[in-house]
>>> print(open('entry-v4.tsv').read())   # TSV, C-alpha atoms and all ligand atoms
chain	number	residue	atom	x	y	z
A	1	MET	CA	13.84	15.91	-8.27
A	2	SER	CA	11.04	13.39	-8.52
A	3	HIS	CA	7.40	13.86	-9.40
A	4	LEU	CA	4.50	11.86	-8.04
A	5	CYS	CA	1.03	12.13	-9.51
A	6	PHE	CA	-2.25	10.86	-8.03
A	7	LEU	CA	-4.95	10.15	-10.63
A	8	ASN	CA	-8.27	8.38	-11.08
A	9	GLY	CA	-9.83	9.33	-7.76
A	10	THR	CA	-12.04	11.90	-6.06
A	11	ALA	CA	-9.99	14.38	-4.06
A	12	ILE	CA	-11.39	15.36	-0.67
A	13	LEU	CA	-10.91	19.13	-0.35
A	14	PRO	CA	-11.85	21.05	2.82
A	15	ASP	CA	-15.14	22.30	1.38
A	16	ARG	CA	-16.00	19.92	-1.48
A	17	LEU	CA	-15.23	16.74	-3.33
A	18	LEU	CA	-13.28	17.06	-6.58
A	19	PRO	CA	-13.98	14.13	-8.92
A	20	ASP	CA	-11.35	12.94	-11.40
A	21	ALA	CA	-8.66	14.88	-9.58
A	22	VAL	CA	-5.07	15.40	-10.64
A	23	ILE	CA	-2.66	15.92	-7.76
A	24	VAL	CA	0.98	16.50	-8.54
A	25	CYS	CA	3.78	16.40	-5.95
A	26	ARG	CA	7.44	17.27	-6.34
A	27	ASP	CA	9.74	15.73	-3.76
A	28	GLU	CA	7.97	16.25	-0.47
A	29	ARG	CA	5.47	18.93	-1.47
A	30	ILE	CA	2.19	19.17	-3.32
A	31	THR	CA	2.58	21.40	-6.40
A	32	TYR	CA	-0.79	21.13	-8.12
A	33	VAL	CA	-4.38	20.23	-7.18
A	34	GLY	CA	-6.99	20.36	-9.94
A	35	THR	CA	-8.35	18.40	-12.89
A	36	ALA	CA	-5.94	19.31	-15.73
A	37	ARG	CA	-4.21	16.22	-17.11
A	38	SER	CA	-1.83	18.56	-18.94
A	39	ARG	CA	-0.21	19.30	-15.56
A	40	VAL	CA	1.13	15.75	-15.23
A	41	PRO	CA	4.88	15.85	-15.94
A	42	ALA	CA	6.04	13.21	-18.44
A	43	SER	CA	8.49	11.79	-15.89
A	44	ALA	CA	5.94	11.54	-13.07
A	45	LYS	CA	5.37	8.29	-11.23
A	46	ILE	CA	1.63	7.67	-11.48
A	47	ILE	CA	-0.37	6.49	-8.49
A	48	ASP	CA	-3.77	5.10	-9.45
A	49	ALA	CA	-6.51	5.76	-6.88
A	50	LYS	CA	-8.66	3.14	-8.62
A	51	GLY	CA	-11.86	5.16	-8.43
A	52	GLY	CA	-11.56	5.70	-4.67
A	53	TYR	CA	-10.74	8.84	-2.70
A	54	ILE	CA	-7.59	10.93	-2.43
A	55	SER	CA	-7.58	12.36	1.10
A	56	PRO	CA	-5.22	14.59	3.04
A	57	GLY	CA	-3.37	12.64	5.73
A	58	PHE	CA	-5.17	12.69	9.06
A	59	VAL	CA	-4.04	14.81	12.02
A	60	ASP	CA	-4.79	13.46	15.50
A	61	ILE	CA	-4.41	15.76	18.51
A	62	HIS	CA	-5.27	13.08	21.09
A	63	ILE	CA	-3.42	9.74	20.93
A	64	HIS	CA	-2.30	7.67	23.91
A	65	GLY	CA	-1.22	4.47	22.25
A	66	GLY	CA	-1.60	1.76	19.64
A	67	GLY	CA	-0.10	-1.52	18.49
A	68	GLY	CA	0.38	-2.67	22.09
A	69	ALA	CA	2.34	0.40	23.23
A	70	ASP	CA	1.41	3.56	25.15
A	71	VAL	CA	3.48	6.74	24.72
A	72	MET	CA	3.71	6.86	28.53
A	73	ASP	CA	5.81	3.69	28.40
A	74	GLY	CA	8.42	6.34	27.70
A	75	SER	CA	10.74	4.38	25.38
A	76	LEU	CA	11.69	5.10	21.75
A	77	ASP	CA	10.33	1.69	20.79
A	78	ALA	CA	6.97	2.44	22.35
A	79	VAL	CA	6.60	5.83	20.66
A	80	ARG	CA	7.60	4.37	17.28
A	81	THR	CA	5.15	1.50	17.67
A	82	VAL	CA	2.35	3.99	18.35
A	83	SER	CA	3.37	6.16	15.36
A	84	GLN	CA	3.48	3.19	13.01
A	85	SER	CA	0.18	1.75	14.17
A	86	HIS	CA	-1.68	5.03	13.64
A	87	ALA	CA	0.01	5.70	10.29
A	88	ARG	CA	-1.53	2.46	9.01
A	89	HIS	CA	-4.91	4.03	9.76
A	90	GLY	CA	-4.15	7.16	7.74
A	91	THR	CA	-2.81	9.43	10.50
A	92	THR	CA	0.22	11.24	9.10
A	93	THR	CA	0.66	13.78	11.91
A	94	MET	CA	0.00	13.17	15.58
A	95	PHE	CA	0.28	14.70	19.02
A	96	PRO	CA	1.24	11.90	21.45
A	97	THR	CA	-0.75	12.52	24.60
A	98	THR	CA	0.36	12.16	28.22
A	99	SER	CA	-1.88	10.55	30.80
A	100	THR	CA	-1.62	11.13	34.53
A	101	GLY	CA	1.83	9.95	35.58
A	102	THR	CA	4.72	10.82	37.81
A	103	ASP	CA	7.08	13.67	36.97
A	104	ASN	CA	9.71	11.14	35.83
A	105	GLN	CA	7.28	9.27	33.60
A	106	ILE	CA	6.21	12.50	31.90
A	107	HIS	CA	9.82	13.58	31.33
A	108	ALA	CA	10.67	10.17	29.86
A	109	MET	CA	7.69	10.47	27.49
A	110	LEU	CA	8.70	14.01	26.42
A	111	ALA	CA	12.28	12.91	25.75
A	112	ALA	CA	11.26	9.84	23.76
A	113	CYS	CA	8.80	11.84	21.62
A	114	SER	CA	11.44	14.51	20.95
A	115	GLU	CA	13.96	11.95	19.77
A	116	VAL	CA	11.46	10.11	17.55
A	117	ARG	CA	10.38	13.46	16.05
A	118	ASP	CA	13.97	14.56	15.41
A	119	THR	CA	15.01	11.27	13.79
A	120	TRP	CA	11.83	10.77	11.74
A	121	ASN	CA	11.94	8.76	8.55
A	122	ILE	CA	9.15	7.01	6.66
A	123	GLN	CA	9.63	3.82	8.68
A	124	SER	CA	8.78	5.79	11.83
A	125	GLY	CA	5.20	6.18	10.60
A	126	SER	CA	3.14	9.19	11.61
A	127	LYS	CA	5.10	12.43	12.12
A	128	ILE	CA	5.08	13.96	15.60
A	129	ALA	CA	4.08	17.64	15.46
A	130	GLY	CA	4.21	18.06	19.22
A	131	VAL	CA	3.14	16.50	22.49
A	132	HIS	CA	-0.28	17.00	24.04
A	133	LEU	CA	0.45	17.63	27.73
A	134	TYR	CA	-2.85	16.18	28.91
A	135	GLY	CA	-2.57	14.55	32.32
A	136	PRO	CA	-1.83	15.15	35.18
A	137	TYR	CA	-3.75	18.42	35.75
A	138	PHE	CA	-7.23	16.95	36.05
A	139	ALA	CA	-9.98	17.64	38.60
A	140	LYS	CA	-10.59	14.89	41.17
A	141	GLY	CA	-13.78	13.03	40.37
A	142	LYS	CA	-13.36	13.73	36.63
A	143	THR	CA	-10.31	11.60	35.96
A	144	GLY	CA	-12.14	8.89	34.00
A	145	CYS	CA	-9.83	5.95	33.38
A	146	HIS	CA	-6.69	7.88	34.46
A	147	ASP	CA	-4.98	7.00	37.73
A	148	GLU	CA	-6.38	9.58	40.16
A	149	SER	CA	-3.61	9.12	42.73
A	150	VAL	CA	-1.11	10.97	40.51
A	151	CYS	CA	-3.45	13.70	39.32
A	152	ARG	CA	-2.67	17.11	40.78
A	153	ALA	CA	-2.98	20.90	40.50
A	154	PRO	CA	-0.48	22.66	38.19
A	155	GLU	CA	2.72	23.84	39.90
A	156	ALA	CA	4.84	26.29	37.91
A	157	THR	CA	8.15	24.72	38.94
A	158	GLU	CA	6.92	21.38	37.58
A	159	TYR	CA	5.20	22.39	34.35
A	160	ARG	CA	7.75	25.01	33.28
A	161	ARG	CA	10.21	22.15	32.84
A	162	TYR	CA	7.73	20.25	30.67
A	163	PHE	CA	7.37	23.27	28.39
A	164	GLU	CA	11.15	23.76	28.33
A	165	SER	CA	11.40	20.45	26.47
A	166	GLY	CA	10.20	22.53	23.49
A	167	ILE	CA	7.87	19.80	22.24
A	168	VAL	CA	4.60	20.62	24.00
A	169	GLY	CA	2.11	21.86	21.39
A	170	ILE	CA	-1.19	21.32	23.21
A	171	ALA	CA	-1.75	21.84	26.93
A	172	THR	CA	-4.72	20.68	29.01
A	173	CYS	CA	-5.69	21.69	32.54
A	174	ALA	CA	-9.01	21.63	34.41
A	175	ALA	CA	-10.10	25.27	34.74
A	176	GLU	CA	-11.20	25.06	38.40
A	177	LEU	CA	-7.83	23.89	39.75
A	178	PRO	CA	-5.73	26.33	41.78
A	179	GLY	CA	-2.96	27.59	39.49
A	180	ALA	CA	-4.94	26.99	36.28
A	181	ALA	CA	-4.87	30.68	35.29
A	182	ALA	CA	-1.07	30.88	35.44
A	183	PHE	CA	-0.80	27.55	33.60
A	184	TYR	CA	-3.05	28.76	30.78
A	185	ARG	CA	-1.14	32.03	30.41
A	186	HIS	CA	2.18	30.21	30.31
A	187	ALA	CA	0.97	27.63	27.74
A	188	ASN	CA	-0.57	30.39	25.64
A	189	LYS	CA	2.70	32.34	25.64
A	190	ARG	CA	4.50	29.20	24.45
A	191	GLY	CA	2.17	29.05	21.43
A	192	CYS	CA	0.17	25.99	22.54
A	193	LEU	CA	-3.45	25.18	21.83
A	194	VAL	CA	-4.74	25.64	25.38
A	195	THR	CA	-7.51	23.29	26.45
A	196	CYS	CA	-9.73	22.47	29.40
A	197	GLY	CA	-10.56	18.83	30.08
A	198	HIS	CA	-11.36	16.31	32.80
A	199	SER	CA	-13.05	19.17	34.58
A	200	ASN	CA	-16.23	20.09	36.42
A	201	SER	CA	-15.87	23.80	35.77
A	202	SER	CA	-18.67	26.34	35.62
A	203	TRP	CA	-19.45	28.98	33.01
A	204	ASP	CA	-17.65	31.66	35.07
A	205	GLU	CA	-14.54	29.51	35.38
A	206	MET	CA	-14.60	28.89	31.62
A	207	GLU	CA	-14.95	32.60	30.95
A	208	ALA	CA	-11.94	33.34	33.17
A	209	ALA	CA	-9.99	30.57	31.43
A	210	PHE	CA	-10.90	31.98	28.02
A	211	LYS	CA	-9.42	35.35	29.05
A	212	ASN	CA	-6.20	33.49	29.87
A	213	GLY	CA	-6.01	31.87	26.44
A	214	MET	CA	-8.01	28.63	26.78
A	215	ARG	CA	-9.68	27.89	23.42
A	216	HIS	CA	-10.57	24.17	23.30
A	217	VAL	CA	-12.28	21.45	25.35
A	218	ASP	CA	-11.16	17.81	25.26
A	219	HIS	CA	-13.55	15.02	24.16
A	220	PHE	CA	-16.94	16.78	24.30
A	221	TRP	CA	-19.41	15.13	26.72
A	222	CYS	CA	-16.73	12.88	28.21
A	223	ALA	CA	-15.26	13.76	31.63
A	224	MET	CA	-16.60	17.31	31.40
A	225	SER	CA	-19.17	19.32	33.32
A	226	ASN	CA	-22.87	19.79	32.66
A	227	VAL	CA	-25.47	21.90	34.46
A	228	SER	CA	-26.33	19.21	36.98
A	229	SER	CA	-22.71	18.31	37.80
A	230	VAL	CA	-21.94	21.99	38.41
A	231	ARG	CA	-25.06	22.27	40.56
A	232	LYS	CA	-23.79	19.42	42.73
A	233	ARG	CA	-20.52	21.27	43.19
A	234	LEU	CA	-21.67	24.89	43.52
A	235	GLY	CA	-25.39	24.72	44.42
A	236	VAL	CA	-28.17	26.95	43.15
A	237	PRO	CA	-28.98	28.96	41.13
A	238	MET	CA	-28.06	26.43	38.48
A	239	GLN	CA	-25.11	27.65	36.45
A	240	GLY	CA	-23.82	27.16	32.94
A	241	SER	CA	-21.19	24.47	32.39
A	242	MET	CA	-18.43	23.69	29.92
A	243	LEU	CA	-21.11	22.41	27.56
A	244	GLU	CA	-23.05	25.68	27.30
A	245	TYR	CA	-19.84	27.70	27.20
A	246	VAL	CA	-18.42	25.78	24.23
A	247	LEU	CA	-21.71	25.93	22.33
A	248	ALA	CA	-22.16	29.66	23.01
A	249	ASN	CA	-18.64	30.90	22.26
A	250	PRO	CA	-17.83	30.75	18.52
A	251	GLU	CA	-14.08	30.98	19.22
A	252	MET	CA	-14.10	27.75	21.22
A	253	SER	CA	-13.33	24.45	19.53
A	254	THR	CA	-13.77	20.94	20.79
A	255	GLU	CA	-13.39	17.33	19.69
A	256	VAL	CA	-15.41	14.12	19.61
A	257	ILE	CA	-14.34	10.50	19.95
A	258	ALA	CA	-16.29	9.35	16.90
A	259	ASP	CA	-15.86	5.61	17.39
A	260	GLY	CA	-19.61	4.96	17.66
A	261	MET	CA	-19.11	3.57	21.18
A	262	HIS	CA	-18.57	6.74	23.22
A	263	LEU	CA	-21.31	8.85	21.61
A	264	ALA	CA	-24.58	7.95	19.88
A	265	PRO	CA	-25.13	9.07	16.26
A	266	GLU	CA	-27.34	12.04	17.22
A	267	LEU	CA	-24.60	13.46	19.45
A	268	LEU	CA	-21.99	13.22	16.69
A	269	SER	CA	-24.33	14.98	14.31
A	270	PHE	CA	-25.36	17.53	16.97
A	271	ALA	CA	-21.75	18.49	17.74
A	272	TRP	CA	-21.08	19.07	14.05
A	273	ARG	CA	-24.27	21.09	13.53
A	274	MET	CA	-23.58	23.26	16.57
A	275	LYS	CA	-19.85	23.90	16.13
A	276	GLY	CA	-19.36	23.37	12.39
A	277	SER	CA	-16.41	21.61	10.80
A	278	GLU	CA	-14.05	24.55	11.52
A	279	ARG	CA	-14.45	24.22	15.30
A	280	LEU	CA	-14.89	20.48	15.78
A	281	CYS	CA	-12.03	17.96	15.57
A	282	LEU	CA	-12.22	14.21	15.33
A	283	VAL	CA	-9.84	12.46	17.70
A	284	THR	CA	-9.15	8.80	18.33
A	285	ASP	CA	-8.19	9.18	22.03
A	286	CYS	CA	-6.85	5.73	21.27
A	287	ASN	CA	-5.13	3.52	23.82
A	288	ARG	CA	-2.58	0.74	23.35
A	289	ALA	CA	-5.18	-1.86	22.29
A	290	LEU	CA	-5.41	-0.57	18.68
A	291	ASP	CA	-4.97	-3.57	16.35
A	292	MET	CA	-4.49	-5.85	19.35
A	293	PRO	CA	-6.66	-8.82	20.33
A	294	PRO	CA	-9.36	-8.34	22.98
A	295	GLY	CA	-7.94	-8.62	26.50
A	296	LYS	CA	-6.61	-6.74	29.53
A	297	TYR	CA	-4.21	-3.84	29.01
A	298	ARG	CA	-2.73	-0.94	30.96
A	299	PHE	CA	-3.92	2.61	30.26
A	300	GLY	CA	-0.84	4.85	30.57
A	301	PRO	CA	2.56	3.57	31.71
A	302	GLU	CA	3.18	-0.17	31.24
A	303	ALA	CA	4.71	-0.33	34.72
A	304	ASP	CA	1.81	1.02	36.79
A	305	GLY	CA	-1.00	2.36	34.55
A	306	SER	CA	-4.58	1.47	35.43
A	307	TRP	CA	-6.05	-1.70	33.93
A	308	PHE	CA	-8.78	-1.75	31.33
A	309	THR	CA	-10.34	-4.40	29.12
A	310	SER	CA	-10.62	-4.12	25.35
A	311	ASP	CA	-13.46	-6.04	23.76
A	312	GLY	CA	-12.11	-5.20	20.30
A	313	GLN	CA	-14.62	-2.33	19.90
A	314	VAL	CA	-13.70	-0.03	22.80
A	315	GLY	CA	-11.87	0.01	26.15
A	316	TRP	CA	-13.74	-0.57	29.43
A	317	ALA	CA	-12.40	0.65	32.80
A	318	SER	CA	-15.21	-1.30	34.51
A	319	PRO	CA	-18.60	-2.47	33.24
A	320	GLY	CA	-20.48	0.62	32.02
A	321	SER	CA	-17.43	2.90	32.25
A	322	LEU	CA	-15.40	3.55	29.09
A	323	ALA	CA	-11.60	3.74	28.99
A	324	SER	CA	-10.96	5.49	25.63
A	325	SER	CA	-11.04	4.06	22.13
A	326	VAL	CA	-9.23	1.22	20.39
A	327	MET	CA	-9.80	2.53	16.85
A	328	GLY	CA	-7.76	4.50	14.31
A	329	MET	CA	-8.77	7.74	12.60
A	330	ASP	CA	-10.05	5.99	9.45
A	331	HIS	CA	-12.74	4.39	11.62
A	332	MET	CA	-13.65	7.80	13.13
A	333	VAL	CA	-14.03	9.35	9.65
A	334	ARG	CA	-16.21	6.47	8.45
A	335	THR	CA	-18.38	6.63	11.58
A	336	MET	CA	-18.80	10.42	11.44
A	337	HIS	CA	-19.77	10.22	7.77
A	338	LYS	CA	-21.93	7.11	7.70
A	339	VAL	CA	-23.42	6.97	11.19
A	340	GLY	CA	-23.30	10.68	12.09
A	341	ASN	CA	-24.55	11.60	8.61
A	342	VAL	CA	-21.93	14.29	8.15
A	343	PRO	CA	-20.79	15.06	4.56
A	344	LEU	CA	-17.51	13.31	3.72
A	345	GLN	CA	-15.58	16.54	3.09
A	346	ASP	CA	-16.62	17.79	6.55
A	347	ALA	CA	-15.72	14.53	8.29
A	348	VAL	CA	-12.27	14.61	6.66
A	349	ARG	CA	-11.78	18.32	7.39
A	350	MET	CA	-12.40	17.61	11.07
A	351	ALA	CA	-9.73	14.90	10.93
A	352	SER	CA	-7.14	17.00	9.06
A	353	LEU	CA	-7.35	20.76	8.43
A	354	THR	CA	-9.27	21.72	11.57
A	355	PRO	CA	-6.85	20.11	14.06
A	356	ALA	CA	-3.95	21.54	12.00
A	357	GLU	CA	-5.48	25.04	12.19
A	358	ARG	CA	-6.18	24.82	15.90
A	359	THR	CA	-2.57	23.83	16.61
A	360	GLY	CA	-1.09	26.38	14.19
A	361	ILE	CA	0.48	23.94	11.71
A	362	ASP	CA	-1.95	24.44	8.82
A	363	GLN	CA	0.57	26.31	6.67
A	364	GLN	CA	2.45	23.02	6.32
A	365	ILE	CA	-0.17	20.28	6.48
A	366	GLY	CA	-3.89	19.52	6.81
A	367	SER	CA	-5.27	19.75	3.26
A	368	LEU	CA	-4.56	18.93	-0.36
A	369	THR	CA	-3.19	22.37	-1.23
A	370	ALA	CA	-0.25	23.33	-3.43
A	371	GLY	CA	2.73	24.21	-1.25
A	372	LYS	CA	1.83	21.89	1.64
A	373	GLN	CA	3.63	18.67	2.54
A	374	ALA	CA	2.61	15.67	0.45
A	375	ASP	CA	0.78	13.80	3.22
A	376	ILE	CA	-1.78	11.88	1.18
A	377	VAL	CA	-3.97	8.88	1.95
A	378	LEU	CA	-5.72	6.79	-0.66
A	379	LEU	CA	-9.07	5.44	0.46
A	380	SER	CA	-11.26	2.87	-1.22
A	381	LYS	CA	-14.86	3.70	-2.18
A	382	THR	CA	-15.86	2.33	1.23
A	383	LEU	CA	-13.23	4.55	2.95
A	384	LYS	CA	-10.76	1.81	3.82
A	385	VAL	CA	-7.10	2.91	3.87
A	386	LYS	CA	-5.26	1.65	0.77
A	387	GLN	CA	-2.03	3.66	0.68
A	388	VAL	CA	-0.38	6.21	2.95
A	389	HIS	CA	2.16	8.77	1.69
A	390	ILE	CA	4.02	10.99	4.14
A	391	ASN	CA	6.24	13.82	2.88
A	392	GLY	CA	5.80	12.28	-0.58
A	393	GLU	CA	7.10	8.86	0.49
A	394	ARG	CA	4.97	5.76	0.57
A	395	LEU	CA	4.56	3.91	3.85
A	396	GLN	CA	5.29	0.21	3.37
A	397	ILE	CA	3.96	-1.13	6.65
A	398	MET	CA	0.25	-1.51	5.97
A	399	LEU	CA	-2.63	-3.18	7.71
A	400	ARG	CA	-2.45	-6.94	7.71
A	401	LYS	CA	-6.12	-7.40	6.93
B	501	ZN	ZN	-9.62	12.05	28.61
B	502	ZN	ZN	-7.41	10.74	26.41
>>> encode(input="entry-v4.tsv", output="structure tokens", more="lines below")
Ligand SMILES: [Zn+2]
Ligand SMILES: [Zn+2]
Amino acid sequence: MSHLCFLNGTAILPDRLLPDAVIVCRDERITYVGTARSRVPASAKIIDAKGGYISPGFVDIHIHGGGGADVMDGSLDAVRTVSQSHARHGTTTMFPTTSTGTDNQIHAMLAACSEVRDTWNIQSGSKIAGVHLYGPYFAKGKTGCHDESVCRAPEATEYRRYFESGIVGIATCAAELPGAAAFYRHANKRGCLVTCGHSNSSWDEMEAAFKNGMRHVDHFWCAMSNVSSVRKRLGVPMQGSMLEYVLANPEMSTEVIADGMHLAPELLSFAWRMKGSERLCLVTDCNRALDMPPGKYRFGPEADGSWFTSDGQVGWASPGSLASSVMGMDHMVRTMHKVGNVPLQDAVRMASLTPAERTGIDQQIGSLTAGKQADIVLLSKTLKVKQVHINGERLQIMLRK
């Protein structure tokens, strides 16, 4: 039995900051969160936060790649590279995310993620809580940087086998596709967070989807419908879109890519003011160019994914058209707080407890709470990642800079 104790920092709790915090862990769990020095066991190993912040580890429900690899490469090496690269940015739990790909490519990805999850140790980096089955069920014309030629409507014989892998925890489908209703009901029955994305669906289609268990929309404002895009598809009278539906329905959650490149500061702030920190998640939606030099990379499978260019700030599918982010979750938290003007405890909640709640894993992770896993990130006063602890163990592979 070994005790770990974090001192000399401000703890970031879901609803407030706790200065001069004392956080005690025993083995892989948190046992105390408060300010009483008397709770520090004599034998505890002390970790000095040096006046910075003690944050819960980040939870990312939308990750494609990092460190040069994409989870759709489908190998153990690729998945581990992605997990390690995001762990260095404070992400302790992740949902590797499929892009549009062939049936074989998706099965290879599911198998690799399952094996990396089942053989996890601290060297693996971020823990895998489940896979986000994201592509291939996207609406044509809303595929963004994904390869449209392999995007398709959901077929039960195909997707039932994906769910049988037992690792799918989040499931996306565009609501207007034929077969979407059955897909949503199946994903809901399997306990997934059910989401609508890369879609041009109308209010009525969203309402029908909601009845079938859909509760979340991927990357708000990106590859989703608005009143004028629905008008182009369905004519007049103008109808509500995904945007109005998410803002009007308090049960619906969504996510923003808070890298400062996809959305302007007022949109980040607006999303938080409209949905609140309990219904808005921060995601990286990061591709393989995280921590890689600017250059050309493949989005999705290394063998045949579509090309994009990273300029070191963001990915570009073509000039003026974005191809997901190249930043880790620490950057998203900093941007949401400093540029979006969102209180720090809210920015961190949206990157930890909220995604854990929406995916049903908040009993185990997502906040600095006694009884939860000791997934703890030390941040400097300027919110740079200093140390990452997962299940009470310290990650040794840190950022080079
Ligand atoms: Zn997307
Ligand atoms: Zn994505």
>>> residues_near_ligand(input="entry-v4.tsv", ligand="ligand ZN 501 (chain B)", cutoff="8 Å", atoms="only C-alpha atoms and all ligand atoms", output="ChimeraX atom specification")
/A:134,143-146,197-198,218-219,222-223,285,324
>>> residues_around(input="entry-v4.tsv", residues="A:Leu290", least_positions_apart="6", cutoff="7 Å", atoms="all atoms listed in the file", output="PyMOL selection string")
chain A and resi 66-67+326-327
>>> closest_atom_pairs(input="entry-v4.tsv", of="chain A", to="ligand ZN 502 (chain B)", cutoff="12 Å", atoms="only C-alpha atoms and all ligand atoms", output="JSON lines")
{"residue": "A:Asp60", "atom": "CA", "partner": "B:ZN502", "partner_atom": "ZN", "distance": 11.5}
{"residue": "A:Ile61", "atom": "CA", "partner": "B:ZN502", "partner_atom": "ZN", "distance": 9.8}
{"residue": "A:His62", "atom": "CA", "partner": "B:ZN502", "partner_atom": "ZN", "distance": 6.2}
{"residue": "A:Ile63", "atom": "CA", "partner": "B:ZN502", "partner_atom": "ZN", "distance": 6.9}
{"residue": "A:His64", "atom": "CA", "partner": "B:ZN502", "partner_atom": "ZN", "distance": 6.5}
{"residue": "A:Gly65", "atom": "CA", "partner": "B:ZN502", "partner_atom": "ZN", "distance": 9.7}
{"residue": "A:Asp70", "atom": "CA", "partner": "B:ZN502", "partner_atom": "ZN", "distance": 11.4}
{"residue": "A:Val71", "atom": "CA", "partner": "B:ZN502", "partner_atom": "ZN", "distance": 11.7}
{"residue": "A:Met72", "atom": "CA", "partner": "B:ZN502", "partner_atom": "ZN", "distance": 12.0}
{"residue": "A:Phe95", "atom": "CA", "partner": "B:ZN502", "partner_atom": "ZN", "distance": 11.4}
{"residue": "A:Pro96", "atom": "CA", "partner": "B:ZN502", "partner_atom": "ZN", "distance": 10.0}
{"residue": "A:Thr97", "atom": "CA", "partner": "B:ZN502", "partner_atom": "ZN", "distance": 7.1}
{"residue": "A:Thr98", "atom": "CA", "partner": "B:ZN502", "partner_atom": "ZN", "distance": 8.1}
{"residue": "A:Ser99", "atom": "CA", "partner": "B:ZN502", "partner_atom": "ZN", "distance": 7.1}
{"residue": "A:Thr100", "atom": "CA", "partner": "B:ZN502", "partner_atom": "ZN", "distance": 10.0}
{"residue": "A:His132", "atom": "CA", "partner": "B:ZN502", "partner_atom": "ZN", "distance": 9.8}
{"residue": "A:Leu133", "atom": "CA", "partner": "B:ZN502", "partner_atom": "ZN", "distance": 10.5}
{"residue": "A:Tyr134", "atom": "CA", "partner": "B:ZN502", "partner_atom": "ZN", "distance": 7.5}
{"residue": "A:Gly135", "atom": "CA", "partner": "B:ZN502", "partner_atom": "ZN", "distance": 8.5}
{"residue": "A:Pro136", "atom": "CA", "partner": "B:ZN502", "partner_atom": "ZN", "distance": 11.3}
{"residue": "A:Phe138", "atom": "CA", "partner": "B:ZN502", "partner_atom": "ZN", "distance": 11.5}
{"residue": "A:Thr143", "atom": "CA", "partner": "B:ZN502", "partner_atom": "ZN", "distance": 10.0}
{"residue": "A:Gly144", "atom": "CA", "partner": "B:ZN502", "partner_atom": "ZN", "distance": 9.1}
{"residue": "A:Cys145", "atom": "CA", "partner": "B:ZN502", "partner_atom": "ZN", "distance": 8.8}
{"residue": "A:His146", "atom": "CA", "partner": "B:ZN502", "partner_atom": "ZN", "distance": 8.6}
{"residue": "A:Thr172", "atom": "CA", "partner": "B:ZN502", "partner_atom": "ZN", "distance": 10.6}
{"residue": "A:Gly197", "atom": "CA", "partner": "B:ZN502", "partner_atom": "ZN", "distance": 9.4}
{"residue": "A:His198", "atom": "CA", "partner": "B:ZN502", "partner_atom": "ZN", "distance": 9.4}
{"residue": "A:Val217", "atom": "CA", "partner": "B:ZN502", "partner_atom": "ZN", "distance": 11.8}
{"residue": "A:Asp218", "atom": "CA", "partner": "B:ZN502", "partner_atom": "ZN", "distance": 8.1}
{"residue": "A:His219", "atom": "CA", "partner": "B:ZN502", "partner_atom": "ZN", "distance": 7.8}
{"residue": "A:Phe220", "atom": "CA", "partner": "B:ZN502", "partner_atom": "ZN", "distance": 11.5}
{"residue": "A:Cys222", "atom": "CA", "partner": "B:ZN502", "partner_atom": "ZN", "distance": 9.7}
{"residue": "A:Ala223", "atom": "CA", "partner": "B:ZN502", "partner_atom": "ZN", "distance": 9.9}
{"residue": "A:Glu255", "atom": "CA", "partner": "B:ZN502", "partner_atom": "ZN", "distance": 11.2}
{"residue": "A:Val256", "atom": "CA", "partner": "B:ZN502", "partner_atom": "ZN", "distance": 11.0}
{"residue": "A:Ile257", "atom": "CA", "partner": "B:ZN502", "partner_atom": "ZN", "distance": 9.5}
{"residue": "A:Val283", "atom": "CA", "partner": "B:ZN502", "partner_atom": "ZN", "distance": 9.2}
{"residue": "A:Thr284", "atom": "CA", "partner": "B:ZN502", "partner_atom": "ZN", "distance": 8.5}
{"residue": "A:Asp285", "atom": "CA", "partner": "B:ZN502", "partner_atom": "ZN", "distance": 4.7}
{"residue": "A:Cys286", "atom": "CA", "partner": "B:ZN502", "partner_atom": "ZN", "distance": 7.2}
{"residue": "A:Asn287", "atom": "CA", "partner": "B:ZN502", "partner_atom": "ZN", "distance": 8.0}
{"residue": "A:Arg288", "atom": "CA", "partner": "B:ZN502", "partner_atom": "ZN", "distance": 11.5}
{"residue": "A:Phe299", "atom": "CA", "partner": "B:ZN502", "partner_atom": "ZN", "distance": 9.6}
{"residue": "A:Gly300", "atom": "CA", "partner": "B:ZN502", "partner_atom": "ZN", "distance": 9.8}
{"residue": "A:Gly315", "atom": "CA", "partner": "B:ZN502", "partner_atom": "ZN", "distance": 11.6}
{"residue": "A:Leu322", "atom": "CA", "partner": "B:ZN502", "partner_atom": "ZN", "distance": 11.1}
{"residue": "A:Ala323", "atom": "CA", "partner": "B:ZN502", "partner_atom": "ZN", "distance": 8.6}
{"residue": "A:Ser324", "atom": "CA", "partner": "B:ZN502", "partner_atom": "ZN", "distance": 6.4}
{"residue": "A:Ser325", "atom": "CA", "partner": "B:ZN502", "partner_atom": "ZN", "distance": 8.7}
{"residue": "A:Val326", "atom": "CA", "partner": "B:ZN502", "partner_atom": "ZN", "distance": 11.4}
>>> closest_residue(input="entry-v4.tsv", among="A:Glu205, A:Glu302, A:Glu393, A:Asp48", to="A:Ile376", atoms="all atoms listed in the file")
A:Glu393
>>> closest_residue(input="entry-v4.tsv", among="A:Arg16, A:His107, A:Lys381, A:His216", to="A:Ala171", atoms="all atoms listed in the file")
A:His216
>>> atom_distance(input="entry-v4.tsv", atom1="atom CA of A:Ala174", atom2="atom CA of A:Ser201")
7.3 Å
